[in-house]
file data17.cif (mmCIF, N, CA and C atoms)
data_work
loop_
_atom_site.label_atom_id
_atom_site.label_comp_id
_atom_site.auth_asym_id
_atom_site.auth_seq_id
_atom_site.Cartn_x
_atom_site.Cartn_y
_atom_site.Cartn_z
N MET A 1 125.79 -167.59 61.76
CA MET A 1 124.81 -166.69 61.19
C MET A 1 123.41 -166.94 61.79
N MET A 2 123.02 -168.21 61.86
CA MET A 2 121.67 -168.51 62.37
C MET A 2 121.53 -168.17 63.85
N SER A 3 122.59 -168.33 64.65
CA SER A 3 122.48 -167.98 66.07
C SER A 3 122.32 -166.47 66.23
N ARG A 4 122.93 -165.70 65.33
CA ARG A 4 122.76 -164.24 65.39
C ARG A 4 121.32 -163.86 65.05
N VAL A 5 120.77 -164.50 64.03
CA VAL A 5 119.36 -164.25 63.66
C VAL A 5 118.45 -164.68 64.80
N ALA A 6 118.76 -165.80 65.44
CA ALA A 6 117.94 -166.29 66.55
C ALA A 6 117.94 -165.29 67.70
N GLY A 7 119.08 -164.70 68.00
CA GLY A 7 119.16 -163.71 69.06
C GLY A 7 118.33 -162.47 68.75
N TRP A 8 118.45 -162.00 67.52
CA TRP A 8 117.69 -160.80 67.13
C TRP A 8 116.19 -161.07 67.11
N THR A 9 115.78 -162.23 66.63
CA THR A 9 114.34 -162.53 66.60
C THR A 9 113.81 -162.77 68.01
N ARG A 10 114.63 -163.32 68.89
CA ARG A 10 114.22 -163.46 70.29
C ARG A 10 114.03 -162.09 70.92
N SER A 11 114.93 -161.16 70.63
CA SER A 11 114.78 -159.79 71.13
C SER A 11 113.52 -159.15 70.58
N LEU A 12 113.25 -159.38 69.30
CA LEU A 12 112.04 -158.81 68.69
C LEU A 12 110.78 -159.40 69.31
N LEU A 13 110.77 -160.71 69.54
CA LEU A 13 109.63 -161.36 70.20
C LEU A 13 109.42 -160.76 71.59
N ARG A 14 110.49 -160.57 72.34
CA ARG A 14 110.41 -160.00 73.68
C ARG A 14 109.86 -158.57 73.66
N ILE A 15 110.35 -157.76 72.74
CA ILE A 15 109.90 -156.37 72.65
C ILE A 15 108.42 -156.29 72.31
N VAL A 16 107.99 -157.04 71.32
CA VAL A 16 106.58 -157.02 70.91
C VAL A 16 105.68 -157.60 72.00
N ALA A 17 106.08 -158.72 72.59
CA ALA A 17 105.28 -159.32 73.66
C ALA A 17 105.18 -158.38 74.85
N GLY A 18 106.28 -157.74 75.21
CA GLY A 18 106.25 -156.77 76.32
C GLY A 18 105.34 -155.60 76.03
N LEU A 19 105.43 -155.07 74.82
CA LEU A 19 104.57 -153.95 74.43
C LEU A 19 103.09 -154.35 74.48
N LEU A 20 102.77 -155.51 73.96
CA LEU A 20 101.38 -155.96 73.98
C LEU A 20 100.90 -156.28 75.39
N PHE A 21 101.82 -156.70 76.26
CA PHE A 21 101.46 -157.03 77.64
C PHE A 21 101.16 -155.77 78.46
N ILE A 22 101.74 -154.66 78.07
CA ILE A 22 101.47 -153.38 78.73
C ILE A 22 100.01 -152.98 78.58
N HIS A 23 99.41 -153.29 77.45
CA HIS A 23 98.05 -152.83 77.14
C HIS A 23 96.99 -153.25 78.14
N PRO A 24 96.88 -154.53 78.50
CA PRO A 24 95.85 -154.87 79.50
C PRO A 24 96.11 -154.23 80.86
N GLY A 25 97.38 -154.06 81.22
CA GLY A 25 97.69 -153.40 82.49
C GLY A 25 97.29 -151.93 82.46
N ALA A 26 97.58 -151.26 81.33
CA ALA A 26 97.20 -149.85 81.18
C ALA A 26 95.67 -149.72 81.15
N MET A 27 95.00 -150.70 80.58
CA MET A 27 93.53 -150.68 80.54
C MET A 27 92.98 -150.79 81.97
N LYS A 28 93.55 -151.70 82.76
CA LYS A 28 93.05 -151.92 84.12
C LYS A 28 93.38 -150.74 85.04
N LEU A 29 94.63 -150.29 85.02
CA LEU A 29 95.09 -149.31 86.01
C LEU A 29 94.92 -147.86 85.58
N LEU A 30 95.05 -147.59 84.29
CA LEU A 30 95.03 -146.21 83.82
C LEU A 30 93.78 -145.84 83.03
N GLY A 31 92.95 -146.83 82.73
CA GLY A 31 91.74 -146.56 81.96
C GLY A 31 91.99 -146.33 80.48
N TRP A 32 93.19 -146.65 80.00
CA TRP A 32 93.51 -146.48 78.59
C TRP A 32 92.81 -147.56 77.75
N PHE A 33 92.76 -147.34 76.47
CA PHE A 33 92.20 -148.30 75.52
C PHE A 33 90.76 -148.67 75.86
N GLY A 34 90.01 -147.71 76.37
CA GLY A 34 88.61 -147.93 76.70
C GLY A 34 88.36 -148.33 78.14
N GLY A 35 89.41 -148.62 78.89
CA GLY A 35 89.24 -149.00 80.30
C GLY A 35 88.60 -150.36 80.45
N MET A 36 88.27 -150.68 81.68
CA MET A 36 87.63 -151.96 81.98
C MET A 36 86.19 -151.94 81.47
N PRO A 37 85.69 -153.09 81.03
CA PRO A 37 84.30 -153.15 80.59
C PRO A 37 83.33 -152.73 81.69
N ALA A 38 82.24 -152.14 81.31
CA ALA A 38 81.24 -151.69 82.27
C ALA A 38 80.76 -152.88 83.10
N GLY A 39 80.63 -152.66 84.38
CA GLY A 39 80.11 -153.70 85.28
C GLY A 39 81.17 -154.63 85.83
N VAL A 40 82.43 -154.48 85.40
CA VAL A 40 83.50 -155.33 85.93
C VAL A 40 84.18 -154.55 87.06
N PRO A 41 84.00 -154.98 88.31
CA PRO A 41 84.61 -154.25 89.44
C PRO A 41 86.11 -154.50 89.50
N MET A 42 86.85 -153.49 89.91
CA MET A 42 88.29 -153.63 90.09
C MET A 42 88.56 -154.25 91.46
N THR A 43 88.85 -155.52 91.47
CA THR A 43 89.16 -156.25 92.69
C THR A 43 90.66 -156.13 92.99
N PRO A 44 91.07 -156.46 94.21
CA PRO A 44 92.52 -156.45 94.50
C PRO A 44 93.32 -157.35 93.55
N LEU A 45 92.73 -158.47 93.15
CA LEU A 45 93.40 -159.37 92.21
C LEU A 45 93.64 -158.69 90.87
N LEU A 46 92.67 -157.91 90.39
CA LEU A 46 92.83 -157.19 89.13
C LEU A 46 93.86 -156.08 89.25
N TYR A 47 93.96 -155.44 90.41
CA TYR A 47 95.00 -154.43 90.62
C TYR A 47 96.39 -155.06 90.55
N VAL A 48 96.56 -156.22 91.18
CA VAL A 48 97.85 -156.92 91.15
C VAL A 48 98.17 -157.35 89.71
N ALA A 49 97.18 -157.91 89.03
CA ALA A 49 97.38 -158.32 87.64
C ALA A 49 97.76 -157.12 86.77
N GLY A 50 97.07 -156.00 86.96
CA GLY A 50 97.37 -154.80 86.21
C GLY A 50 98.78 -154.31 86.45
N ALA A 51 99.23 -154.37 87.70
CA ALA A 51 100.59 -153.95 88.03
C ALA A 51 101.63 -154.86 87.38
N ILE A 52 101.39 -156.17 87.44
CA ILE A 52 102.31 -157.11 86.80
C ILE A 52 102.36 -156.85 85.30
N GLU A 53 101.20 -156.60 84.70
CA GLU A 53 101.15 -156.38 83.25
C GLU A 53 101.80 -155.06 82.85
N LEU A 54 101.50 -154.00 83.57
CA LEU A 54 102.03 -152.68 83.21
C LEU A 54 103.53 -152.58 83.50
N VAL A 55 103.93 -152.88 84.72
CA VAL A 55 105.34 -152.79 85.09
C VAL A 55 106.13 -153.93 84.45
N GLY A 56 105.60 -155.13 84.56
CA GLY A 56 106.29 -156.28 83.97
C GLY A 56 106.42 -156.18 82.47
N GLY A 57 105.37 -155.74 81.80
CA GLY A 57 105.44 -155.56 80.36
C GLY A 57 106.50 -154.55 79.96
N THR A 58 106.61 -153.47 80.73
CA THR A 58 107.63 -152.45 80.45
C THR A 58 109.03 -153.03 80.64
N LEU A 59 109.24 -153.75 81.75
CA LEU A 59 110.55 -154.36 82.00
C LEU A 59 110.90 -155.40 80.94
N ILE A 60 109.93 -156.20 80.53
CA ILE A 60 110.18 -157.19 79.49
C ILE A 60 110.49 -156.50 78.17
N MET A 61 109.75 -155.45 77.86
CA MET A 61 109.96 -154.74 76.59
C MET A 61 111.38 -154.18 76.49
N VAL A 62 111.90 -153.59 77.57
CA VAL A 62 113.25 -153.04 77.53
C VAL A 62 114.31 -154.09 77.84
N GLY A 63 113.90 -155.25 78.31
CA GLY A 63 114.84 -156.33 78.57
C GLY A 63 115.61 -156.18 79.86
N LEU A 64 114.94 -155.75 80.91
CA LEU A 64 115.58 -155.58 82.22
C LEU A 64 114.96 -156.58 83.20
N PHE A 65 115.81 -157.37 83.86
CA PHE A 65 115.36 -158.45 84.75
C PHE A 65 114.41 -159.40 84.00
N THR A 66 114.73 -159.66 82.76
CA THR A 66 113.82 -160.38 81.87
C THR A 66 113.44 -161.75 82.39
N ARG A 67 114.41 -162.54 82.80
CA ARG A 67 114.09 -163.91 83.24
C ARG A 67 113.16 -163.91 84.44
N GLN A 68 113.45 -163.08 85.43
CA GLN A 68 112.64 -163.05 86.64
C GLN A 68 111.22 -162.54 86.35
N VAL A 69 111.13 -161.46 85.60
CA VAL A 69 109.82 -160.87 85.30
C VAL A 69 109.02 -161.79 84.37
N ALA A 70 109.69 -162.42 83.41
CA ALA A 70 108.99 -163.34 82.50
C ALA A 70 108.42 -164.53 83.27
N PHE A 71 109.16 -165.02 84.26
CA PHE A 71 108.66 -166.13 85.08
C PHE A 71 107.39 -165.71 85.82
N LEU A 72 107.43 -164.52 86.42
CA LEU A 72 106.27 -164.00 87.14
C LEU A 72 105.09 -163.78 86.20
N ALA A 73 105.35 -163.19 85.05
CA ALA A 73 104.29 -162.92 84.08
C ALA A 73 103.70 -164.21 83.51
N SER A 74 104.54 -165.21 83.29
CA SER A 74 104.06 -166.51 82.81
C SER A 74 103.11 -167.12 83.83
N GLY A 75 103.48 -167.07 85.09
CA GLY A 75 102.61 -167.58 86.15
C GLY A 75 101.31 -166.81 86.24
N GLU A 76 101.40 -165.48 86.09
CA GLU A 76 100.17 -164.68 86.12
C GLU A 76 99.22 -165.09 84.99
N MET A 77 99.77 -165.33 83.82
CA MET A 77 98.93 -165.70 82.67
C MET A 77 98.34 -167.09 82.84
N ALA A 78 99.09 -168.01 83.43
CA ALA A 78 98.53 -169.34 83.71
C ALA A 78 97.39 -169.21 84.72
N PHE A 79 97.62 -168.42 85.75
CA PHE A 79 96.59 -168.18 86.76
C PHE A 79 95.37 -167.52 86.13
N ALA A 80 95.58 -166.50 85.28
CA ALA A 80 94.47 -165.81 84.62
C ALA A 80 93.68 -166.78 83.74
N TYR A 81 94.39 -167.66 83.05
CA TYR A 81 93.70 -168.61 82.18
C TYR A 81 92.80 -169.53 83.01
N PHE A 82 93.35 -170.12 84.06
CA PHE A 82 92.58 -171.09 84.82
C PHE A 82 91.50 -170.45 85.69
N MET A 83 91.70 -169.21 86.11
CA MET A 83 90.68 -168.52 86.91
C MET A 83 89.61 -167.87 86.04
N GLY A 84 90.02 -167.27 84.93
CA GLY A 84 89.09 -166.47 84.15
C GLY A 84 88.55 -167.11 82.89
N HIS A 85 89.31 -168.02 82.29
CA HIS A 85 88.90 -168.56 81.00
C HIS A 85 88.46 -170.02 81.08
N PHE A 86 89.24 -170.83 81.76
CA PHE A 86 88.97 -172.27 81.81
C PHE A 86 87.56 -172.61 82.29
N PRO A 87 87.00 -171.88 83.26
CA PRO A 87 85.63 -172.21 83.68
C PRO A 87 84.58 -172.04 82.56
N GLN A 88 84.94 -171.29 81.52
CA GLN A 88 83.99 -171.07 80.41
C GLN A 88 84.05 -172.19 79.37
N GLY A 89 84.98 -173.10 79.50
CA GLY A 89 85.11 -174.21 78.56
C GLY A 89 86.54 -174.69 78.50
N PHE A 90 86.75 -175.88 77.98
CA PHE A 90 88.07 -176.51 77.98
C PHE A 90 89.04 -175.87 77.01
N TRP A 91 88.61 -175.63 75.76
CA TRP A 91 89.51 -175.17 74.70
C TRP A 91 89.65 -173.64 74.71
N PRO A 92 90.88 -173.15 74.51
CA PRO A 92 91.08 -171.69 74.47
C PRO A 92 90.23 -170.99 73.42
N ILE A 93 89.99 -171.61 72.30
CA ILE A 93 89.16 -170.98 71.26
C ILE A 93 87.72 -170.84 71.75
N GLN A 94 87.32 -171.72 72.61
CA GLN A 94 85.97 -171.74 73.16
C GLN A 94 85.82 -170.71 74.29
N ASN A 95 86.86 -170.54 75.10
CA ASN A 95 86.75 -169.67 76.28
C ASN A 95 87.47 -168.33 76.11
N HIS A 96 87.95 -168.05 74.89
CA HIS A 96 88.64 -166.78 74.55
C HIS A 96 89.92 -166.59 75.34
N GLY A 97 90.60 -167.68 75.64
CA GLY A 97 91.82 -167.61 76.43
C GLY A 97 93.10 -167.68 75.62
N GLU A 98 93.01 -167.55 74.28
CA GLU A 98 94.20 -167.67 73.44
C GLU A 98 95.30 -166.69 73.85
N PRO A 99 94.99 -165.40 74.08
CA PRO A 99 96.07 -164.48 74.47
C PRO A 99 96.77 -164.90 75.77
N ALA A 100 96.02 -165.36 76.74
CA ALA A 100 96.61 -165.78 78.01
C ALA A 100 97.55 -166.97 77.80
N VAL A 101 97.13 -167.92 76.98
CA VAL A 101 97.97 -169.10 76.72
C VAL A 101 99.23 -168.69 75.97
N LEU A 102 99.09 -167.86 74.95
CA LEU A 102 100.26 -167.42 74.19
C LEU A 102 101.23 -166.63 75.06
N PHE A 103 100.73 -165.66 75.82
CA PHE A 103 101.61 -164.91 76.72
C PHE A 103 102.30 -165.85 77.71
N CYS A 104 101.57 -166.78 78.27
CA CYS A 104 102.14 -167.71 79.24
C CYS A 104 103.34 -168.44 78.64
N PHE A 105 103.21 -168.96 77.43
CA PHE A 105 104.29 -169.75 76.85
C PHE A 105 105.39 -168.89 76.24
N ILE A 106 105.06 -167.70 75.75
CA ILE A 106 106.12 -166.78 75.30
C ILE A 106 106.98 -166.38 76.48
N PHE A 107 106.36 -166.04 77.60
CA PHE A 107 107.13 -165.64 78.77
C PHE A 107 107.90 -166.82 79.36
N LEU A 108 107.34 -168.00 79.28
CA LEU A 108 108.08 -169.19 79.73
C LEU A 108 109.32 -169.39 78.86
N PHE A 109 109.18 -169.16 77.56
CA PHE A 109 110.32 -169.23 76.64
C PHE A 109 111.39 -168.20 77.01
N LEU A 110 110.96 -166.97 77.28
CA LEU A 110 111.91 -165.92 77.64
C LEU A 110 112.60 -166.22 78.97
N TRP A 111 111.88 -166.80 79.91
CA TRP A 111 112.48 -167.20 81.18
C TRP A 111 113.60 -168.21 80.92
N GLY A 112 113.35 -169.16 80.04
CA GLY A 112 114.34 -170.19 79.77
C GLY A 112 115.48 -169.75 78.88
N ASN A 113 115.25 -168.75 78.02
CA ASN A 113 116.24 -168.39 77.01
C ASN A 113 116.84 -167.00 77.16
N GLY A 114 116.31 -166.19 78.04
CA GLY A 114 116.85 -164.86 78.24
C GLY A 114 116.30 -163.83 77.27
N ALA A 115 116.81 -162.62 77.41
CA ALA A 115 116.26 -161.46 76.71
C ALA A 115 116.73 -161.32 75.28
N GLY A 116 117.88 -161.84 74.95
CA GLY A 116 118.45 -161.64 73.63
C GLY A 116 119.43 -160.48 73.62
N PRO A 117 120.10 -160.26 72.49
CA PRO A 117 121.17 -159.27 72.44
C PRO A 117 120.72 -157.81 72.49
N VAL A 118 119.50 -157.55 72.13
CA VAL A 118 119.01 -156.16 72.16
C VAL A 118 118.19 -156.00 73.44
N SER A 119 118.91 -155.79 74.56
CA SER A 119 118.23 -155.69 75.85
C SER A 119 119.15 -155.01 76.85
N LEU A 120 118.56 -154.46 77.88
CA LEU A 120 119.36 -153.89 78.96
C LEU A 120 120.10 -154.98 79.72
N ASP A 121 119.50 -156.15 79.86
CA ASP A 121 120.18 -157.27 80.52
C ASP A 121 121.51 -157.58 79.81
N HIS A 122 121.47 -157.65 78.48
CA HIS A 122 122.66 -157.95 77.69
C HIS A 122 123.70 -156.83 77.82
N TRP A 123 123.24 -155.60 77.80
CA TRP A 123 124.13 -154.44 77.92
C TRP A 123 124.81 -154.43 79.30
N ILE A 124 124.03 -154.66 80.35
CA ILE A 124 124.58 -154.68 81.71
C ILE A 124 125.60 -155.80 81.86
N LYS A 125 125.29 -156.96 81.32
CA LYS A 125 126.21 -158.10 81.38
C LYS A 125 127.53 -157.77 80.67
N GLY A 126 127.44 -157.10 79.54
CA GLY A 126 128.65 -156.69 78.81
C GLY A 126 129.47 -155.67 79.59
N ARG A 127 128.80 -154.74 80.23
CA ARG A 127 129.50 -153.72 81.04
C ARG A 127 130.20 -154.36 82.24
N ARG A 128 129.54 -155.32 82.87
CA ARG A 128 130.16 -156.01 84.02
C ARG A 128 131.37 -156.82 83.58
N ALA A 129 131.25 -157.50 82.43
CA ALA A 129 132.37 -158.29 81.91
C ALA A 129 133.54 -157.38 81.56
N ALA A 130 133.27 -156.22 81.00
CA ALA A 130 134.34 -155.29 80.63
C ALA A 130 135.00 -154.72 81.89
N ALA A 131 134.24 -154.49 82.93
CA ALA A 131 134.78 -153.95 84.18
C ALA A 131 135.70 -154.96 84.87
N ARG A 132 135.40 -156.25 84.72
CA ARG A 132 136.21 -157.30 85.32
C ARG A 132 137.50 -157.52 84.57
N ALA A 133 137.50 -157.20 83.29
CA ALA A 133 138.69 -157.47 82.43
C ALA A 133 139.80 -156.48 82.64
#
call {"tool": "encode", "arguments": {"input": "data17.cif", "output": "structure tokens"}}
result
Amino acid sequence: MMSRVAGWTRSLLRIVAGLLFIHPGAMKLLGWFGGMPAGVPMTPLLYVAGAIELVGGTLIMVGLFTRQVAFLASGEMAFAYFMGHFPQGFWPIQNHGEPAVLFCFIFLFLWGNGAGPVSLDHWIKGRRAAARA
């Protein structure tokens, strides 16, 4: 019973984290949610980050290529934290880096544990197993 609950809650964590990860990418690339703050230039690094967030967040949300995308997104968030937040102070509460740290470790968890039962990855795996049988 508990392993079934664990799978469903892992899927729920993945869906919510993916959905929330889409937002900064949509803000950077599409101008949604108010767009980028005034005076912040869109550098090539921000375009790459926006693409990882928008496309990666969508893939994580639906659970497709979850492990690979989560690993990439976790690295992006670690990079974002140390490039954008850490220079402002050591503690995440001090440098406003809490979301980057949380995303980094949620995605690291998903990389290690997979997408869960409510995902395209799980569905594809089941279809392949049925085709082999």
call {"tool": "resolve_selection", "arguments": {"input": "data17.cif", "expression": "the PyMOL selection byres ((chain A and resi 114-117) around 6.5)", "output": "PyMOL selection string"}}
result
chain A and resi 7-8+10-11+63+66-67+109-113+118-119+122-123
call {"tool": "resolve_selection", "arguments": {"input": "data17.cif", "expression": "the PyMOL selection byres (((chain A and resi 58 and name CA) around 10) and name CA)", "output": "PDB file with N, CA and C atoms, in the coordinates of the input"}}
result
ATOM      1  N   ILE A  15     110.350-157.760  72.740  1.00  0.00           N
ATOM      2  CA  ILE A  15     109.900-156.370  72.650  1.00  0.00           C
ATOM      3  C   ILE A  15     108.420-156.290  72.310  1.00  0.00           C
ATOM      4  N   ALA A  17     106.080-158.720  72.590  1.00  0.00           N
ATOM      5  CA  ALA A  17     105.280-159.320  73.660  1.00  0.00           C
ATOM      6  C   ALA A  17     105.180-158.380  74.850  1.00  0.00           C
ATOM      7  N   GLY A  18     106.280-157.740  75.210  1.00  0.00           N
ATOM      8  CA  GLY A  18     106.250-156.770  76.320  1.00  0.00           C
ATOM      9  C   GLY A  18     105.340-155.600  76.030  1.00  0.00           C
ATOM     10  N   LEU A  19     105.430-155.070  74.820  1.00  0.00           N
ATOM     11  CA  LEU A  19     104.570-153.950  74.430  1.00  0.00           C
ATOM     12  C   LEU A  19     103.090-154.350  74.480  1.00  0.00           C
ATOM     13  N   LEU A  20     102.770-155.510  73.960  1.00  0.00           N
ATOM     14  CA  LEU A  20     101.380-155.960  73.980  1.00  0.00           C
ATOM     15  C   LEU A  20     100.900-156.280  75.390  1.00  0.00           C
ATOM     16  N   PHE A  21     101.820-156.700  76.260  1.00  0.00           N
ATOM     17  CA  PHE A  21     101.460-157.030  77.640  1.00  0.00           C
ATOM     18  C   PHE A  21     101.160-155.770  78.460  1.00  0.00           C
ATOM     19  N   ILE A  22     101.740-154.660  78.070  1.00  0.00           N
ATOM     20  CA  ILE A  22     101.470-153.380  78.730  1.00  0.00           C
ATOM     21  C   ILE A  22     100.010-152.980  78.580  1.00  0.00           C
ATOM     22  N   ILE A  52     101.390-156.170  87.440  1.00  0.00           N
ATOM     23  CA  ILE A  52     102.310-157.110  86.800  1.00  0.00           C
ATOM     24  C   ILE A  52     102.360-156.850  85.300  1.00  0.00           C
ATOM     25  N   GLU A  53     101.200-156.600  84.700  1.00  0.00           N
ATOM     26  CA  GLU A  53     101.150-156.380  83.250  1.00  0.00           C
ATOM     27  C   GLU A  53     101.800-155.060  82.850  1.00  0.00           C
ATOM     28  N   LEU A  54     101.500-154.000  83.570  1.00  0.00           N
ATOM     29  CA  LEU A  54     102.030-152.680  83.210  1.00  0.00           C
ATOM     30  C   LEU A  54     103.530-152.580  83.500  1.00  0.00           C
ATOM     31  N   VAL A  55     103.930-152.880  84.720  1.00  0.00           N
ATOM     32  CA  VAL A  55     105.340-152.790  85.090  1.00  0.00           C
ATOM     33  C   VAL A  55     106.130-153.930  84.450  1.00  0.00           C
ATOM     34  N   GLY A  56     105.600-155.130  84.560  1.00  0.00           N
ATOM     35  CA  GLY A  56     106.290-156.280  83.970  1.00  0.00           C
ATOM     36  C   GLY A  56     106.420-156.180  82.470  1.00  0.00           C
ATOM     37  N   GLY A  57     105.370-155.740  81.800  1.00  0.00           N
ATOM     38  CA  GLY A  57     105.440-155.560  80.360  1.00  0.00           C
ATOM     39  C   GLY A  57     106.500-154.550  79.960  1.00  0.00           C
ATOM     40  N   LEU A  59     109.240-153.750  81.750  1.00  0.00           N
ATOM     41  CA  LEU A  59     110.550-154.360  82.000  1.00  0.00           C
ATOM     42  C   LEU A  59     110.900-155.400  80.940  1.00  0.00           C
ATOM     43  N   ILE A  60     109.930-156.200  80.530  1.00  0.00           N
ATOM     44  CA  ILE A  60     110.180-157.190  79.490  1.00  0.00           C
ATOM     45  C   ILE A  60     110.490-156.500  78.170  1.00  0.00           C
ATOM     46  N   MET A  61     109.750-155.450  77.860  1.00  0.00           N
ATOM     47  CA  MET A  61     109.960-154.740  76.590  1.00  0.00           C
ATOM     48  C   MET A  61     111.380-154.180  76.490  1.00  0.00           C
ATOM     49  N   VAL A  62     111.900-153.590  77.570  1.00  0.00           N
ATOM     50  CA  VAL A  62     113.250-153.040  77.530  1.00  0.00           C
ATOM     51  C   VAL A  62     114.310-154.090  77.840  1.00  0.00           C
ATOM     52  N   GLY A  63     113.900-155.250  78.310  1.00  0.00           N
ATOM     53  CA  GLY A  63     114.840-156.330  78.570  1.00  0.00           C
ATOM     54  C   GLY A  63     115.610-156.180  79.860  1.00  0.00           C
ATOM     55  N   LEU A  64     114.940-155.750  80.910  1.00  0.00           N
ATOM     56  CA  LEU A  64     115.580-155.580  82.220  1.00  0.00           C
ATOM     57  C   LEU A  64     114.960-156.580  83.200  1.00  0.00           C
ATOM     58  N   VAL A  69     111.130-161.460  85.600  1.00  0.00           N
ATOM     59  CA  VAL A  69     109.820-160.870  85.300  1.00  0.00           C
ATOM     60  C   VAL A  69     109.020-161.790  84.370  1.00  0.00           C
TER      61      VAL A  69
END
call {"tool": "residues_around", "arguments": {"input": "data17.cif", "residues": "Phe86 of chain A", "least_positions_apart": "4", "cutoff": "12 Å", "atoms": "only C-alpha atoms", "output": "list of chain:residue names"}}
result
A:Met77, A:Ala78, A:Phe79, A:Ala80, A:Tyr81, A:Phe82, A:Phe90, A:Trp91, A:Pro92, A:Ile93, A:Gln94, A:Asn95, A:His96, A:Gly97, A:Glu98, A:Ala100, A:Val101
call {"tool": "atom_distance", "arguments": {"input": "data17.cif", "atom1": "atom CA of Gly50 of chain A", "atom2": "atom CA of Thr9 of chain A"}}
result
27.1 Å
call {"tool": "atom_distance", "arguments": {"input": "data17.cif", "atom1": "atom CA of Leu45 of chain A", "atom2": "atom CA of Ser74 of chain A"}}
result
15.9 Å
call {"tool": "select_by_dssp", "arguments": {"input": "data17.cif", "residues": "segment 10-81 of chain A", "states": "alpha helix (DSSP H)", "output": "ChimeraX atom specification"}}
result
/A:10-30,44-62,66-80
call {"tool": "atom_distance", "arguments": {"input": "data17.cif", "atom1": "atom C of Leu102 of chain A", "atom2": "atom N of Phe71 of chain A"}}
result
12.3 Å
call {"tool": "axis_aligned_box", "arguments": {"input": "data17.cif", "around": "segment 29-42 of chain A", "padding_each_side": "3 Å", "output": "lines of an AutoDock Vina configuration file"}}
result
center_x = 87.6
center_y = -150.6
center_z = 83.5
size_x = 21.0
size_y = 15.5
size_z = 21.9
call {"tool": "closest_residue", "arguments": {"input": "data17.cif", "among": "A:Ala49, A:Ile106, A:Gln88, A:Ala130", "to": "Glu76 of chain A", "atoms": "all atoms listed in the file"}}
result
A:Ala49
call {"tool": "build_atoms", "arguments": {"input": "data17.cif", "residues": "segment 17-29 of chain A", "atoms": "N, CA, C and O atoms", "output": "PDB file, in the frame of the given file"}}
result
ATOM      1  N   ALA A  17     106.080-158.720  72.590  1.00  0.00           N
ATOM      2  CA  ALA A  17     105.280-159.320  73.660  1.00  0.00           C
ATOM      3  C   ALA A  17     105.180-158.380  74.850  1.00  0.00           C
ATOM      4  O   ALA A  17     104.096-158.210  75.430  1.00  0.00           O
ATOM      5  N   GLY A  18     106.280-157.740  75.210  1.00  0.00           N
ATOM      6  CA  GLY A  18     106.250-156.770  76.320  1.00  0.00           C
ATOM      7  C   GLY A  18     105.340-155.600  76.030  1.00  0.00           C
ATOM      8  O   GLY A  18     104.547-155.186  76.880  1.00  0.00           O
ATOM      9  N   LEU A  19     105.430-155.070  74.820  1.00  0.00           N
ATOM     10  CA  LEU A  19     104.570-153.950  74.430  1.00  0.00           C
ATOM     11  C   LEU A  19     103.090-154.350  74.480  1.00  0.00           C
ATOM     12  O   LEU A  19     102.263-153.604  75.015  1.00  0.00           O
ATOM     13  N   LEU A  20     102.770-155.510  73.960  1.00  0.00           N
ATOM     14  CA  LEU A  20     101.380-155.960  73.980  1.00  0.00           C
ATOM     15  C   LEU A  20     100.900-156.280  75.390  1.00  0.00           C
ATOM     16  O   LEU A  20      99.719-156.115  75.701  1.00  0.00           O
ATOM     17  N   PHE A  21     101.820-156.700  76.260  1.00  0.00           N
ATOM     18  CA  PHE A  21     101.460-157.030  77.640  1.00  0.00           C
ATOM     19  C   PHE A  21     101.160-155.770  78.460  1.00  0.00           C
ATOM     20  O   PHE A  21     100.405-155.822  79.428  1.00  0.00           O
ATOM     21  N   ILE A  22     101.740-154.660  78.070  1.00  0.00           N
ATOM     22  CA  ILE A  22     101.470-153.380  78.730  1.00  0.00           C
ATOM     23  C   ILE A  22     100.010-152.980  78.580  1.00  0.00           C
ATOM     24  O   ILE A  22      99.411-152.425  79.502  1.00  0.00           O
ATOM     25  N   HIS A  23      99.410-153.290  77.450  1.00  0.00           N
ATOM     26  CA  HIS A  23      98.050-152.830  77.140  1.00  0.00           C
ATOM     27  C   HIS A  23      96.990-153.250  78.140  1.00  0.00           C
ATOM     28  O   HIS A  23      96.230-152.398  78.615  1.00  0.00           O
ATOM     29  N   PRO A  24      96.880-154.530  78.500  1.00  0.00           N
ATOM     30  CA  PRO A  24      95.850-154.870  79.500  1.00  0.00           C
ATOM     31  C   PRO A  24      96.110-154.230  80.860  1.00  0.00           C
ATOM     32  O   PRO A  24      95.170-153.877  81.574  1.00  0.00           O
ATOM     33  N   GLY A  25      97.380-154.060  81.220  1.00  0.00           N
ATOM     34  CA  GLY A  25      97.690-153.400  82.490  1.00  0.00           C
ATOM     35  C   GLY A  25      97.290-151.930  82.460  1.00  0.00           C
ATOM     36  O   GLY A  25      96.734-151.404  83.420  1.00  0.00           O
ATOM     37  N   ALA A  26      97.580-151.260  81.330  1.00  0.00           N
ATOM     38  CA  ALA A  26      97.200-149.850  81.180  1.00  0.00           C
ATOM     39  C   ALA A  26      95.670-149.720  81.150  1.00  0.00           C
ATOM     40  O   ALA A  26      95.122-148.749  81.662  1.00  0.00           O
ATOM     41  N   MET A  27      95.000-150.700  80.580  1.00  0.00           N
ATOM     42  CA  MET A  27      93.530-150.680  80.540  1.00  0.00           C
ATOM     43  C   MET A  27      92.980-150.790  81.970  1.00  0.00           C
ATOM     44  O   MET A  27      92.097-150.029  82.359  1.00  0.00           O
ATOM     45  N   LYS A  28      93.550-151.700  82.760  1.00  0.00           N
ATOM     46  CA  LYS A  28      93.050-151.920  84.120  1.00  0.00           C
ATOM     47  C   LYS A  28      93.380-150.740  85.040  1.00  0.00           C
ATOM     48  O   LYS A  28      92.528-150.274  85.789  1.00  0.00           O
ATOM     49  N   LEU A  29      94.630-150.290  85.020  1.00  0.00           N
ATOM     50  CA  LEU A  29      95.090-149.310  86.010  1.00  0.00           C
ATOM     51  C   LEU A  29      94.920-147.860  85.580  1.00  0.00           C
ATOM     52  O   LEU A  29      94.721-146.991  86.429  1.00  0.00           O
TER      53      LEU A  29
END
